[in-house]
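**Student:** Sharing a structure with you now.
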Amino acid sequence: MKTLENLKYASTDEWLLVEGNTATLGVSDYAQDQLSDVVFVEITAGIGETVSKGSVVATIESVKAAADVTIPVSGKVIAVNEDLASTPELVNSDPFGAAWMIKVELSNPKELDDLMDAKAYIEYCETRSH
């Protein structure tokens, strides 16, 4: 399982890349591995929309299951990755890069304190795989 040190992780398997007051959201390598072959991604949050911590912003479907993607912070959507609709397999091949989902302008940066660093997330995933 791959994790990146510079990201924050949610217990629901999303990652955030925080740059200043902007957070980029995607799903972790653990999540894409559990889902297996992703065949469909629908991002339901739109640019300009305000999203609340814990709200569903996308749905991922694989050959095995469907999963909601929730956002672990509140903010205003400033970018949406339109490429995922036509290339959902990017979630499997590049979960930390080309498969980013949305970018938000943080409205409450303190919510980041509730997220895990890479080390804590690895330990958390290990407790679930036994």
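Chain identifiers are assigned as A, B, and so on, following the order in which chains appear in the structure tokens; residues are numbered from 1 within each chain, and ligands are numbered from 1 in order of appearance.
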For Glu19 (chain A), work out the shell of residues within 12 Å, counting only C-alpha atoms and skipping chain neighbours fewer than 3 positions away, then give it as a ChimeraX atom specification.

**Tutor:** /A:6-8,16,22-25,103-106,109

**Student:** Could you name the residues that touch region 118-129 of chain A at 12 Å or less, counting only C-alpha atoms, but leaving out those on the same chain fewer than 6 positions away, as a PyMOL selection string?

**Tutor:** chain A and resi 1-17+28-31+33-34

**Student:** Distance CA of Ala66 (chain A)-CA of Gln32 (chain A), one decimal place?

**Tutor:**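 Distance between the two atoms: 11.2 Å.
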
**Student:** According to DSSP computed on the backbone, where in chain A is there strand (DSSP E or B)? Give the residues as JSON, numbers by chain.

**Tutor:** {"A": [8, 9, 14, 15, 16, 17, 18, 19, 22, 23, 24, 25, 26, 27, 38, 39, 40, 41, 42, 43, 50, 51, 56, 57, 58, 59, 60, 61, 62, 66, 67, 68, 69, 70, 75, 76, 77, 78, 79, 80, 102, 103, 104, 105, 106, 116]}

**Student:** Run DSSP on the backbone and grab whatever in chain A lands in alpha helix (DSSP H); send it over as a compact mmCIF listing (two decimals) with C-alpha atoms, in the first residue's frame.

**Tutor:**
# COMPACT_ATOMS: atom_id res chain seq x y z
CA ASP A 29 -4.31 3.66 -2.61
CA TYR A 30 -5.90 1.43 0.05
CA ALA A 31 -9.38 2.47 -1.13
CA GLN A 32 -8.71 1.91 -4.82
CA ASP A 33 -7.16 -1.48 -4.00
CA GLN A 34 -10.24 -2.51 -1.99
CA LEU A 35 -12.56 -1.37 -4.78
CA LEU A 90 -7.10 6.71 -13.24
CA VAL A 91 -8.38 6.02 -9.72
CA ASN A 92 -6.58 2.67 -9.92
CA SER A 93 -3.48 3.72 -11.85
CA ALA A 118 0.66 8.92 6.61
CA LYS A 119 2.09 6.89 9.51
CA ALA A 120 -1.18 6.91 11.46
CA TYR A 121 -3.15 6.03 8.32
CA ILE A 122 -0.90 3.04 7.56
CA GLU A 123 -1.42 1.77 11.12
CA TYR A 124 -5.18 2.32 10.79
CA CYS A 125 -5.32 0.35 7.52
CA GLU A 126 -3.32 -2.50 9.04
CA THR A 127 -5.93 -2.91 11.78
CA ARG A 128 -8.61 -3.36 9.12
